[in-house]
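Asks: This one is my_file_5.cif, mmCIF, C-alpha atoms.
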```cif
data_coords
loop_
_atom_site.group_PDB
_atom_site.id
_atom_site.type_symbol
_atom_site.label_atom_id
_atom_site.label_comp_id
_atom_site.auth_asym_id
_atom_site.auth_seq_id
_atom_site.Cartn_x
_atom_site.Cartn_y
_atom_site.Cartn_z
ATOM 1 C CA MET A 554 3.217 -12.089 195.335
ATOM 2 C CA HIS A 555 3.855 -11.981 199.089
ATOM 3 C CA ALA A 556 3.182 -15.304 200.849
ATOM 4 C CA ASP A 557 0.351 -13.903 202.995
ATOM 5 C CA ALA A 558 -1.343 -12.289 200.008
ATOM 6 C CA LEU A 559 -0.940 -15.505 198.032
ATOM 7 C CA GLY A 560 -2.539 -17.525 200.818
ATOM 8 C CA THR A 561 -5.458 -15.097 200.934
ATOM 9 C CA ARG A 562 -5.908 -15.258 197.166
ATOM 10 C CA LEU A 563 -5.857 -19.051 197.119
ATOM 11 C CA ARG A 564 -8.373 -19.310 199.945
ATOM 12 C CA GLU A 565 -10.664 -16.948 198.087
ATOM 13 C CA ALA A 566 -10.516 -19.300 195.111
ATOM 14 C CA PHE A 567 -10.524 -22.699 196.859
ATOM 15 C CA GLY A 568 -11.749 -22.179 200.426
ATOM 16 C CA ASP A 569 -10.900 -24.900 202.917
ATOM 17 C CA ALA A 570 -9.126 -26.950 200.227
ATOM 18 C CA VAL A 571 -6.059 -24.766 200.892
ATOM 19 C CA ARG A 572 -3.914 -25.811 203.860
ATOM 20 C CA GLY A 573 -0.830 -24.340 205.503
ATOM 21 C CA ALA A 574 0.577 -20.819 205.427
ATOM 22 C CA HIS A 575 3.475 -18.802 204.046
ATOM 23 C CA ASP A 576 5.933 -21.205 202.357
ATOM 24 C CA THR A 577 3.889 -24.362 203.154
ATOM 25 C CA LEU A 578 0.735 -23.613 201.157
ATOM 26 C CA ARG A 579 -0.921 -26.722 199.762
ATOM 27 C CA LEU A 580 -4.053 -27.288 197.687
ATOM 28 C CA ARG A 581 -5.885 -30.569 198.202
ATOM 29 C CA ALA A 582 -7.688 -30.808 194.872
ATOM 30 C CA THR A 583 -10.799 -32.947 194.483
ATOM 31 C CA THR A 584 -11.664 -31.991 190.898
ATOM 32 C CA VAL A 585 -9.795 -31.493 187.648
ATOM 33 C CA ALA A 586 -11.303 -27.993 187.461
ATOM 34 C CA GLN A 587 -9.470 -27.057 190.671
ATOM 35 C CA VAL A 588 -6.160 -28.228 189.220
ATOM 36 C CA ALA A 589 -6.779 -26.171 186.077
ATOM 37 C CA ARG A 590 -7.728 -23.119 188.157
ATOM 38 C CA LEU A 591 -4.538 -23.448 190.225
ATOM 39 C CA MET A 592 -2.409 -23.463 187.065
ATOM 40 C CA THR A 593 -4.181 -20.381 185.748
ATOM 41 C CA LEU A 594 -3.651 -18.522 189.022
ATOM 42 C CA ALA A 595 -0.003 -19.577 189.135
ATOM 43 C CA ARG A 596 0.615 -17.994 185.766
ATOM 44 C CA GLU A 597 -1.318 -14.836 186.668
ATOM 45 C CA HIS A 598 0.336 -14.317 190.070
ATOM 46 C CA ALA A 599 3.833 -15.664 189.317
ATOM 47 C CA PHE A 600 4.052 -18.563 191.733
ATOM 48 C CA ARG A 601 5.116 -22.138 191.022
ATOM 49 C CA VAL A 602 3.326 -25.436 191.602
ATOM 50 C CA ALA A 603 4.949 -28.536 193.084
ATOM 51 C CA VAL A 604 3.355 -31.584 191.460
ATOM 52 C CA PRO A 605 3.516 -35.191 192.778
ATOM 53 C CA GLY A 606 6.262 -36.945 190.839
ATOM 54 C CA GLY A 607 7.521 -33.656 189.413
ATOM 55 C CA ALA A 608 11.049 -32.288 189.164
ATOM 56 C CA LEU A 609 10.440 -28.823 190.556
ATOM 57 C CA ILE A 610 13.632 -26.947 191.428
ATOM 58 C CA PRO A 611 13.450 -25.659 195.047
ATOM 59 C CA GLY A 612 12.957 -21.950 195.625
ATOM 60 C CA PRO A 613 10.489 -19.339 196.873
ATOM 61 C CA GLY A 614 6.884 -18.923 195.801
ATOM 62 C CA ILE A 615 5.858 -22.590 195.647
ATOM 63 C CA VAL A 616 2.379 -24.056 196.246
ATOM 64 C CA SER A 617 2.150 -27.836 196.634
ATOM 65 C CA LEU A 618 -0.566 -29.718 194.779
ATOM 66 C CA ASP A 619 -2.111 -32.665 196.638
ATOM 67 C CA LEU A 620 -4.087 -35.078 194.423
ATOM 68 C CA GLU A 621 -5.120 -37.552 197.130
ATOM 69 C CA GLY A 622 -8.699 -36.296 196.836
ATOM 70 C CA LEU A 623 -8.685 -37.025 193.100
ATOM 71 C CA ALA A 624 -8.597 -40.795 193.486
ATOM 72 C CA ARG A 625 -11.708 -42.223 191.847
ATOM 73 C CA PHE A 626 -11.537 -44.977 189.278
ATOM 74 C CA ASN A 627 -14.160 -46.483 187.020
ATOM 75 C CA GLU A 628 -15.148 -50.117 186.790
ATOM 76 C CA VAL A 629 -12.581 -52.234 184.993
ATOM 77 C CA ASP A 630 -13.338 -52.954 181.339
ATOM 78 C CA VAL A 631 -12.538 -56.662 181.466
ATOM 79 C CA ALA A 632 -13.162 -57.169 177.745
ATOM 80 C CA SER A 633 -10.602 -54.543 176.666
ATOM 81 C CA GLN A 634 -8.471 -55.107 179.801
ATOM 82 C CA THR A 635 -8.258 -51.426 180.707
ATOM 83 C CA VAL A 636 -9.093 -49.338 183.740
ATOM 84 C CA HIS A 637 -9.609 -45.561 183.875
ATOM 85 C CA VAL A 638 -8.267 -44.052 187.103
ATOM 86 C CA GLU A 639 -7.713 -40.593 188.533
ATOM 87 C CA ALA A 640 -4.187 -39.545 189.381
ATOM 88 C CA GLY A 641 -4.542 -39.775 193.154
ATOM 89 C CA ALA A 642 -5.549 -43.452 193.163
ATOM 90 C CA LEU A 643 -2.830 -45.630 194.672
ATOM 91 C CA VAL A 644 -1.099 -48.041 192.301
ATOM 92 C CA SER A 645 -1.503 -50.767 194.935
ATOM 93 C CA SER A 646 -5.264 -50.144 195.129
ATOM 94 C CA VAL A 647 -5.588 -50.323 191.352
ATOM 95 C CA GLU A 648 -3.629 -53.581 191.307
ATOM 96 C CA ALA A 649 -5.831 -55.072 194.040
ATOM 97 C CA HIS A 650 -8.954 -54.037 192.112
ATOM 98 C CA LEU A 651 -7.600 -55.650 188.954
ATOM 99 C CA ARG A 652 -6.531 -58.831 190.748
ATOM 100 C CA ALA A 653 -10.081 -59.327 191.972
ATOM 101 C CA ARG A 654 -11.069 -59.551 188.293
ATOM 102 C CA GLY A 655 -8.281 -61.819 187.174
ATOM 103 C CA LEU A 656 -6.116 -59.013 185.789
ATOM 104 C CA THR A 657 -2.848 -57.337 186.734
ATOM 105 C CA LEU A 658 -0.644 -54.390 185.798
ATOM 106 C CA GLY A 659 2.262 -56.837 185.745
ATOM 107 C CA THR A 660 4.589 -54.665 187.806
ATOM 108 C CA THR A 661 7.796 -55.733 189.486
ATOM 109 C CA ASP A 662 7.426 -56.364 193.199
ATOM 110 C CA PRO A 663 7.601 -54.618 195.536
ATOM 111 C CA LEU A 664 6.216 -51.223 194.634
ATOM 112 C CA ASP A 665 5.635 -48.432 197.126
ATOM 113 C CA PRO A 666 2.096 -49.126 198.419
ATOM 114 C CA ARG A 667 1.607 -45.382 199.004
ATOM 115 C CA GLU A 668 2.515 -44.319 195.454
ATOM 116 C CA PRO A 669 -0.343 -42.611 193.573
ATOM 117 C CA VAL A 670 -0.798 -43.352 189.881
ATOM 118 C CA GLY A 671 -0.098 -39.800 188.690
ATOM 119 C CA ALA A 672 3.224 -39.504 190.519
ATOM 120 C CA TRP A 673 4.223 -43.026 189.452
ATOM 121 C CA LEU A 674 3.594 -42.258 185.788
ATOM 122 C CA ALA A 675 5.308 -38.858 185.991
ATOM 123 C CA ARG A 676 8.401 -40.603 187.347
ATOM 124 C CA GLY A 677 8.407 -43.047 184.438
ATOM 125 C CA ALA A 678 6.394 -45.873 186.082
ATOM 126 C CA PRO A 679 9.470 -47.528 187.637
ATOM 127 C CA GLY A 680 8.892 -51.254 188.076
ATOM 128 C CA ALA A 681 6.334 -51.428 185.271
ATOM 129 C CA ARG A 682 6.546 -53.719 182.286
ATOM 130 C CA ALA A 683 9.363 -52.572 180.008
ATOM 131 C CA HIS A 684 8.508 -51.854 176.390
ATOM 132 C CA ALA A 685 11.760 -53.527 175.335
ATOM 133 C CA ASP A 686 10.653 -56.821 176.922
ATOM 134 C CA ASP A 687 7.471 -56.891 174.850
ATOM 135 C CA PRO A 688 7.434 -54.319 172.014
ATOM 136 C CA VAL A 689 3.729 -54.788 171.258
ATOM 137 C CA ASP A 690 2.713 -54.254 174.886
ATOM 138 C CA GLN A 691 1.753 -50.952 176.490
ATOM 139 C CA LEU A 692 0.971 -49.808 180.017
ATOM 140 C CA VAL A 693 -0.849 -46.538 179.245
ATOM 141 C CA CYS A 694 -3.273 -46.126 176.346
ATOM 142 C CA GLY A 695 -4.750 -42.751 177.293
ATOM 143 C CA LEU A 696 -4.148 -39.774 179.577
ATOM 144 C CA GLU A 697 -5.772 -36.618 180.901
ATOM 145 C CA ILE A 698 -3.319 -33.807 181.602
ATOM 146 C CA VAL A 699 -3.727 -30.245 182.825
ATOM 147 C CA LEU A 700 -1.112 -28.151 181.028
ATOM 148 C CA ALA A 701 0.751 -25.279 182.671
ATOM 149 C CA ASP A 702 -1.728 -22.709 181.308
ATOM 150 C CA GLY A 703 -4.717 -24.584 182.768
ATOM 151 C CA THR A 704 -5.774 -26.255 179.512
ATOM 152 C CA LEU A 705 -7.079 -29.817 179.824
ATOM 153 C CA LEU A 706 -5.514 -32.148 177.273
ATOM 154 C CA ALA A 707 -7.188 -35.538 176.763
ATOM 155 C CA ILE A 708 -5.320 -38.274 174.913
ATOM 156 C CA ARG A 709 -8.115 -40.707 174.184
ATOM 157 C CA PRO A 710 -7.539 -44.455 174.657
ATOM 158 C CA ALA A 711 -6.289 -46.109 171.495
ATOM 159 C CA PRO A 712 -4.025 -48.979 170.423
ATOM 160 C CA ARG A 713 -0.350 -48.122 170.181
ATOM 161 C CA ARG A 714 0.551 -46.035 167.111
ATOM 162 C CA ALA A 715 -2.913 -46.542 165.603
ATOM 163 C CA VAL A 716 -4.052 -42.922 165.557
ATOM 164 C CA GLY A 717 -1.086 -40.756 164.629
ATOM 165 C CA PRO A 718 1.726 -39.468 166.883
ATOM 166 C CA ASP A 719 1.918 -41.090 170.296
ATOM 167 C CA LEU A 720 2.012 -38.287 172.886
ATOM 168 C CA VAL A 721 1.844 -40.578 175.910
ATOM 169 C CA PRO A 722 5.652 -41.049 176.227
ATOM 170 C CA ALA A 723 6.065 -37.276 176.490
ATOM 171 C CA PHE A 724 4.131 -37.310 179.767
ATOM 172 C CA VAL A 725 4.984 -40.740 181.223
ATOM 173 C CA GLY A 726 8.442 -40.101 182.626
ATOM 174 C CA GLY A 727 8.184 -36.385 181.883
ATOM 175 C CA ARG A 728 8.474 -35.477 185.607
ATOM 176 C CA ALA A 729 5.569 -33.014 185.163
ATOM 177 C CA CYS A 730 7.647 -30.831 182.832
ATOM 178 C CA LEU A 731 4.688 -30.521 180.464
ATOM 179 C CA GLY A 732 1.717 -30.670 182.795
ATOM 180 C CA VAL A 733 -0.073 -32.461 185.606
ATOM 181 C CA ILE A 734 -1.350 -35.978 184.953
ATOM 182 C CA VAL A 735 -4.883 -36.032 186.401
ATOM 183 C CA GLY A 736 -6.162 -39.289 184.906
ATOM 184 C CA ALA A 737 -4.930 -42.354 183.054
ATOM 185 C CA HIS A 738 -6.276 -45.290 181.074
ATOM 186 C CA LEU A 739 -4.077 -48.190 182.170
ATOM 187 C CA VAL A 740 -3.732 -51.438 180.242
ATOM 188 C CA ALA A 741 -3.884 -54.637 182.261
ATOM 189 C CA ARG A 742 -3.150 -58.223 181.292
ATOM 190 C CA ARG A 743 -4.502 -61.553 182.406
ATOM 191 C CA ALA A 744 -3.093 -62.684 185.738
ATOM 192 C CA THR A 745 -1.508 -66.041 184.895
ATOM 193 C CA PRO A 746 0.974 -68.316 186.666
ATOM 194 C CA ARG A 747 4.528 -67.049 186.546
ATOM 195 C CA ALA A 748 8.004 -68.515 186.577
ATOM 196 C CA GLU A 749 11.185 -66.667 187.517
ATOM 197 C CA VAL A 750 14.735 -67.694 186.711
ATOM 198 C CA ALA A 751 18.083 -65.990 187.204
ATOM 199 C CA TYR A 752 21.616 -66.306 185.831
ATOM 200 C CA ARG A 753 24.908 -64.794 186.948
ATOM 201 C CA PHE A 754 27.376 -63.321 184.464
ATOM 202 C CA ALA A 755 30.943 -62.083 184.770
ATOM 203 C CA THR A 756 30.004 -58.573 183.647
ATOM 204 C CA ARG A 757 26.945 -56.390 183.187
ATOM 205 C CA ASP A 758 27.650 -56.207 179.463
ATOM 206 C CA ALA A 759 27.389 -59.997 179.264
ATOM 207 C CA ALA A 760 24.064 -59.925 181.114
ATOM 208 C CA GLU A 761 22.766 -57.162 178.821
ATOM 209 C CA SER A 762 23.842 -59.168 175.777
ATOM 210 C CA ALA A 763 22.047 -62.262 177.026
ATOM 211 C CA ARG A 764 18.879 -60.253 177.670
ATOM 212 C CA ALA A 765 18.994 -58.856 174.132
ATOM 213 C CA TRP A 766 19.485 -62.321 172.635
ATOM 214 C CA ILE A 767 16.630 -63.743 174.723
ATOM 215 C CA ARG A 768 14.315 -61.035 173.387
ATOM 216 C CA GLY A 769 15.657 -61.644 169.891
ATOM 217 C CA HIS A 770 14.669 -65.314 170.066
ATOM 218 C CA GLY A 771 10.998 -64.396 170.349
ATOM 219 C CA VAL A 772 10.687 -64.638 174.126
ATOM 220 C CA ARG A 773 8.479 -61.878 175.575
ATOM 221 C CA PRO A 774 9.232 -61.776 179.298
ATOM 222 C CA ALA A 775 6.832 -60.174 181.719
ATOM 223 C CA THR A 776 9.850 -58.352 183.166
ATOM 224 C CA THR A 777 13.643 -58.568 183.096
ATOM 225 C CA THR A 778 15.978 -56.939 185.615
ATOM 226 C CA ILE A 779 19.745 -56.786 185.935
ATOM 227 C CA SER A 780 21.538 -56.244 189.221
ATOM 228 C CA GLN A 781 25.258 -55.753 189.693
ATOM 229 C CA ASP A 782 27.736 -56.290 192.523
ATOM 230 C CA SER A 783 31.471 -56.754 192.974
ATOM 231 C CA HIS A 784 31.251 -60.337 191.679
ATOM 232 C CA GLY A 785 29.552 -59.537 188.388
ATOM 233 C CA ALA A 786 25.939 -59.149 187.301
ATOM 234 C CA ALA A 787 22.734 -61.154 187.555
ATOM 235 C CA LEU A 788 19.899 -61.314 185.040
ATOM 236 C CA GLN A 789 16.434 -62.125 186.372
ATOM 237 C CA VAL A 790 13.682 -63.108 183.927
ATOM 238 C CA ARG A 791 10.000 -63.368 184.813
ATOM 239 C CA LEU A 792 7.768 -65.321 182.454
ATOM 240 C CA GLU A 793 3.970 -65.540 182.454
ATOM 241 C CA GLY A 794 1.408 -67.528 180.501
ATOM 242 C CA SER A 795 0.236 -71.097 180.115
ATOM 243 C CA HIS A 796 2.366 -73.993 181.346
ATOM 244 C CA ALA A 797 3.351 -74.994 177.810
ATOM 245 C CA LEU A 798 4.336 -71.428 176.895
ATOM 246 C CA ARG A 799 6.346 -70.930 180.057
ATOM 247 C CA GLU A 800 8.206 -74.223 179.607
ATOM 248 C CA ALA A 801 9.097 -73.395 176.003
ATOM 249 C CA CYS A 802 10.305 -69.930 176.970
ATOM 250 C CA LEU A 803 12.267 -71.262 179.951
ATOM 251 C CA ALA A 804 14.118 -73.682 177.659
ATOM 252 C CA THR A 805 15.055 -70.848 175.297
ATOM 253 C CA VAL A 806 16.135 -68.573 178.139
ATOM 254 C CA ASP A 807 18.293 -71.310 179.647
ATOM 255 C CA ARG A 808 19.991 -72.145 176.345
ATOM 256 C CA VAL A 809 20.686 -68.523 175.406
ATOM 257 C CA ALA A 810 21.924 -67.580 178.889
ATOM 258 C CA ARG A 811 24.307 -70.535 179.117
ATOM 259 C CA GLU A 812 25.661 -69.926 175.607
ATOM 260 C CA ARG A 813 26.676 -66.460 176.752
ATOM 261 C CA GLY A 814 28.392 -67.535 179.936
ATOM 262 C CA GLY A 815 25.446 -67.442 182.319
ATOM 263 C CA VAL A 816 25.356 -69.668 185.375
ATOM 264 C CA PRO A 817 21.986 -70.486 187.042
ATOM 265 C CA ALA A 818 21.457 -68.535 190.265
ATOM 266 C CA SER A 819 18.761 -68.151 192.869
ATOM 267 C CA VAL A 820 16.073 -65.558 192.167
ATOM 268 C CA ASP A 821 16.626 -63.996 195.597
ATOM 269 C CA GLU A 822 20.321 -63.562 194.824
ATOM 270 C CA ALA A 823 19.492 -61.808 191.550
ATOM 271 C CA HIS A 824 16.741 -59.593 192.959
ATOM 272 C CA ALA A 825 17.160 -56.012 191.771
ATOM 273 C CA PRO A 826 15.513 -53.144 193.667
ATOM 274 C CA VAL A 827 12.799 -51.208 191.877
ATOM 275 C CA PRO A 828 14.417 -48.017 190.568
ATOM 276 C CA SER A 829 13.323 -44.839 192.321
ATOM 277 C CA VAL A 830 12.766 -43.058 189.020
ATOM 278 C CA GLY A 831 12.903 -43.761 185.345
ATOM 279 C CA ALA A 832 15.064 -42.031 182.754
ATOM 280 C CA ALA A 833 15.324 -38.241 182.865
ATOM 281 C CA PRO A 834 13.052 -36.292 180.507
ATOM 282 C CA SER A 835 14.470 -36.088 177.001
ATOM 283 C CA ASP A 836 15.735 -32.917 175.349
ATOM 284 C CA VAL A 837 12.577 -32.918 173.233
ATOM 285 C CA VAL A 838 10.373 -32.933 176.339
ATOM 286 C CA ARG A 839 12.382 -30.103 177.875
ATOM 287 C CA ALA A 840 12.099 -28.087 174.669
ATOM 288 C CA LEU A 841 8.337 -28.618 174.710
ATOM 289 C CA ALA A 842 8.278 -27.519 178.350
ATOM 290 C CA ARG A 843 9.929 -24.234 177.460
ATOM 291 C CA ALA A 844 7.278 -23.647 174.808
ATOM 292 C CA LEU A 845 4.244 -24.795 176.810
ATOM 293 C CA ASP A 846 5.292 -23.300 180.150
ATOM 294 C CA PRO A 847 7.087 -20.016 179.406
ATOM 295 C CA ALA A 848 6.267 -18.686 182.885
ATOM 296 C CA ASP A 849 7.899 -21.795 184.440
ATOM 297 C CA VAL A 850 4.782 -22.480 186.523
ATOM 298 C CA LEU A 851 5.906 -26.087 187.005
ATOM 299 C CA GLY A 852 9.355 -24.937 188.099
ATOM 300 C CA THR A 853 11.410 -27.481 186.168
ATOM 301 C CA ARG A 854 14.001 -25.137 184.657
ATOM 302 C CA PRO A 855 17.002 -24.398 186.870
ATOM 303 C CA PRO A 856 19.181 -21.332 186.337
ATOM 304 C CA HIS A 857 21.430 -21.097 183.295
ATOM 305 C CA GLY A 858 19.706 -23.949 181.457
ATOM 306 C CA ALA A 859 21.214 -26.753 183.535
ATOM 307 C CA PRO A 860 19.197 -29.995 183.470
ATOM 308 C CA PRO A 861 16.716 -30.664 186.305
ATOM 309 C CA GLU A 862 17.926 -32.781 189.175
#
```
How does the structure come out when it is put into structure tokens?
Replies:
Amino acid sequence: MHADALGTRLREAFGDAVRGAHDTLRLRATTVAQVARLMTLAREHAFRVAVPGGALIPGPGIVSLDLEGLARFNEVDVASQTVHVEAGALVSSVEAHLRARGLTLGTTDPLDPREPVGAWLARGAPGARAHADDPVDQLVCGLEIVLADGTLLAIRPAPRRAVGPDLVPAFVGGRACLGVIVGAHLVARRATPRAEVAYRFATRDAAESARAWIRGHGVRPATTTISQDSHGAALQVRLEGSHALREACLATVDRVARERGGVPASVDEAHAPVPSVGAAPSDVVRALARALDPADVLGTRPPHGAPPE
């Protein structure tokens, strides 16, 4: 569809929610129904939709989706330690809301204060608590997603692996290959005092080995990060919990790190930047994308089957 005709068609459907012209068309959605309608129109009129946090391959016929107007979140469920938020809510705002109630997402500082939840999750929630640090922990227990054909998929909140296949990992870090995240049930934890320690190692492999052994000794860090420079690698471990728990874990971390050649270092020296994006979508996710989005509405398939950038 020609850009002018596309702009006219979108304004007929969404009115003043459509901004820009020609190749800068943008929909500022305020409801999930608008997102679903945009996906349906994209399939019918052969244009693509750029989603916050997505991996859309540049080209003609693209309409940008703005979710800043879809930013409401419900009251925190302190008992279950969850909060239900819309995709446009800023991660920093959610964290501030949780902190006021003695809870936290437990993310690595600093995060981009302008990052909305939906884009953050689509990119793999960089800086969030790593599953490998605490295998029984989870960040997301439920999602609402608008698929490429406009269908709303709701993954209801549930404990990890308690209700059949876990679809959440297909969307968190999926770079919008499968659909647009429009809402999320995030899992918080109690905000408790923290302790951070760091150790330098001769190589990154040595630091990775120490991290694995620390986890294997029953320590569940809040976060672990490894940074590397020309002099070797540094492992930073953040621990949370009661004083007694932190002291016991610190003793184990220190013993394991030293046994594997680690030398105590300053936390500032070992600080690792928050990654800009998590791991690329898996082959399984890309295969699902081909099945769920045959018209390539979300624009994540480059020519000749090469992987998205």
Asks: Find the residues near Gly671 of chain A: any atom within 8 Å, counting only C-alpha atoms, skip ones fewer than 4 places away on the same chain, and give them as a list in words.
Replies: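 Everything that qualifies: Pro605, Gly606, Glu639, Ala640, Gly641, Ala642, Ala675, Val733, Ile734, Val735, Gly736 and Ala737 of chain A.
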Asks: Rounded to one decimal, what separation in Å do you get between atom CA of Val644 of chain A and atom CA of Thr660 of chain A?
Replies: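 Calculated distance between atom CA of Val644 of chain A and atom CA of Thr660 of chain A is 9.8 Å.
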Asks: I'd like the residues picked by the PyMOL selection byres ((chain A and resi 778-783) around 8) written out as a PyMOL selection string, using the chain letters and numbers from the file.
Replies: chain A and resi 757+760-761+776-777+784-790+823-825
Asks: Restricting the calculation to only C-alpha atoms, which member of A:Leu706, A:Ala833, A:Ala556, A:Val725 is positioned closest to Ala681 of chain A?
Replies: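 Answer, going by the shortest atom-to-atom distance: A:Val725.
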Asks: So that all listed atoms of segment 787-793 of chain A fit with 4 Å spare on each side, what axis-aligned box centre and edge lengths in Å, to one decimal, would you give as JSON?
Replies:
```
{"center_x": 13.4, "center_y": -63.3, "center_z": 185.0, "size_x": 26.8, "size_y": 12.4, "size_z": 13.1}
```
Asks: Smallest atom-to-atom distance to Glu621 of chain A: which of A:Ala586, A:Ala672, A:Ala678, A:Leu841, using only C-alpha atoms?
Replies: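 Using only C-alpha atoms, the shortest distance to Glu621 of chain A belongs to A:Ala672.
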Asks: Which one is closest to Gly568 of chain A: A:Val838, A:Ala723, A:Leu580, A:Val629? Count only C-alpha atoms.
Replies: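 Among the listed residues, A:Leu580 lies closest to Gly568 of chain A.
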Asks: Can you measure atom CA of Thr745 of chain A to atom CA of Leu798 of chain A for me? One decimal in Å is fine.
Replies: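 Result for atom CA of Thr745 of chain A versus atom CA of Leu798 of chain A: 11.3 Å, one decimal.
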Asks: When distances are computed from all atoms listed in the file, which of A:Arg768, A:Arg581, A:Arg791, A:Arg564 shows the smallest separation from His684 of chain A?
Replies: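 Closest candidate: A:Arg768.
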Asks: Which is closer to Val636 of chain A than all the others in A:Ala741, A:Leu705, A:Ala711, A:Ile610, using only C-alpha atoms?
Replies: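 Of the candidates, the smallest distance to Val636 of chain A is held by A:Ala741.
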Asks: So what does the PyMOL selection byres ((chain A and resi 655) around 9) actually pick up in this one, as a ChimeraX atom specification?
Replies: /A:631,651-654,656-657,742-745
Asks: Using only C-alpha atoms, determine which residues lie at most 9 Å from Pro817 of chain A, disregarding the query and same-chain residues fewer than 4 positions distant; provide the list as a VMD selection string.
Replies: chain A and resid 750 to 753 807 810 to 811
Asks: Identify the residues around (3.7, -22.3, 187.7) within a radius of 7 Å, measuring from only C-alpha atoms in the coordinates stated by the file, and give them as an NGL selection string.
Replies: :A and (592 or 595-596 or 599-602 or 701 or 848-852)
Asks: Got time to write the residues from that selection, C-alpha atoms, as an mmCIF file, keeping the file's coordinate frame?
Replies:
```cif
data_model
loop_
_atom_site.group_PDB
_atom_site.id
_atom_site.type_symbol
_atom_site.label_atom_id
_atom_site.label_comp_id
_atom_site.auth_asym_id
_atom_site.auth_seq_id
_atom_site.Cartn_x
_atom_site.Cartn_y
_atom_site.Cartn_z
ATOM 1 C CA MET A 592 -2.409 -23.463 187.065
ATOM 2 C CA ALA A 595 -0.003 -19.577 189.135
ATOM 3 C CA ARG A 596 0.615 -17.994 185.766
ATOM 4 C CA ALA A 599 3.833 -15.664 189.317
ATOM 5 C CA PHE A 600 4.052 -18.563 191.733
ATOM 6 C CA ARG A 601 5.116 -22.138 191.022
ATOM 7 C CA VAL A 602 3.326 -25.436 191.602
ATOM 8 C CA ALA A 701 0.751 -25.279 182.671
ATOM 9 C CA ALA A 848 6.267 -18.686 182.885
ATOM 10 C CA ASP A 849 7.899 -21.795 184.440
ATOM 11 C CA VAL A 850 4.782 -22.480 186.523
ATOM 12 C CA LEU A 851 5.906 -26.087 187.005
ATOM 13 C CA GLY A 852 9.355 -24.937 188.099
#
```
Asks: Can you measure atom CA of Arg625 of chain A to atom CA of Pro666 of chain A for me? One decimal in Å is fine.
Replies: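 Separation of atom CA of Arg625 of chain A and atom CA of Pro666 of chain A: 16.8 Å.
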Asks: Using only C-alpha atoms, can you tell me which of A:Gly732, A:Gly815, A:Gly659, A:Pro611 comes closest to Val588 of chain A?
Replies: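 Looking at the shortest contact to Val588 of chain A, the residue is A:Gly732.
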Asks: Give me, as a tab-separated table, each residue of segment 661-763 of chain A that comes within 12 Å of segment 769-774 of chain A, together with its shortest interatomic pair and the distance in Å at one decimal, counting only C-alpha atoms, with rows ordered by chain and rising residue number.
Replies:
```
residue	atom	partner	partner_atom	distance
A:Thr661	CA	A:Pro774	CA	11.9
A:Arg682	CA	A:Pro774	CA	9.0
A:Ala683	CA	A:Pro774	CA	9.2
A:His684	CA	A:Arg773	CA	10.1
A:Ala685	CA	A:Arg773	CA	9.0
A:Asp686	CA	A:Arg773	CA	5.7
A:Asp687	CA	A:Arg773	CA	5.1
A:Pro688	CA	A:Arg773	CA	8.4
A:Val689	CA	A:Arg773	CA	9.6
A:Asp690	CA	A:Arg773	CA	9.6
A:Arg747	CA	A:Pro774	CA	10.1
A:Ala748	CA	A:Pro774	CA	10.0
A:Glu749	CA	A:Pro774	CA	9.8
A:Val750	CA	A:Pro774	CA	11.0
A:Ser762	CA	A:Gly769	CA	10.4
A:Ala763	CA	A:Gly769	CA	9.6
```
Asks: Here's the selection I'm unsure about, the PyMOL selection byres ((chain A and resi 575) around 10); applied to the file above, which residues does it give, as a VMD selection string?
Replies: chain A and resid 555 to 560 573 to 574 576 to 578 614 to 616
Asks: Write a file of the just-selected residues containing C-alpha atoms, as a CSV table (one decimal), in the frame of the given file.
Replies:
```csv
chain,number,residue,atom,x,y,z
A,555,HIS,CA,3.9,-12.0,199.1
A,556,ALA,CA,3.2,-15.3,200.8
A,557,ASP,CA,0.4,-13.9,203.0
A,558,ALA,CA,-1.3,-12.3,200.0
A,559,LEU,CA,-0.9,-15.5,198.0
A,560,GLY,CA,-2.5,-17.5,200.8
A,573,GLY,CA,-0.8,-24.3,205.5
A,574,ALA,CA,0.6,-20.8,205.4
A,576,ASP,CA,5.9,-21.2,202.4
A,577,THR,CA,3.9,-24.4,203.2
A,578,LEU,CA,0.7,-23.6,201.2
A,614,GLY,CA,6.9,-18.9,195.8
A,615,ILE,CA,5.9,-22.6,195.6
A,616,VAL,CA,2.4,-24.1,196.2
```
Asks: With a distance cut-off of 9 Å and only C-alpha atoms, select the neighbouring residues of Thr593 of chain A, excluding the residue or stretch itself and same-chain residues fewer than 6 positions from it, and output the selection as a ChimeraX atom specification.
Replies: /A:701-704
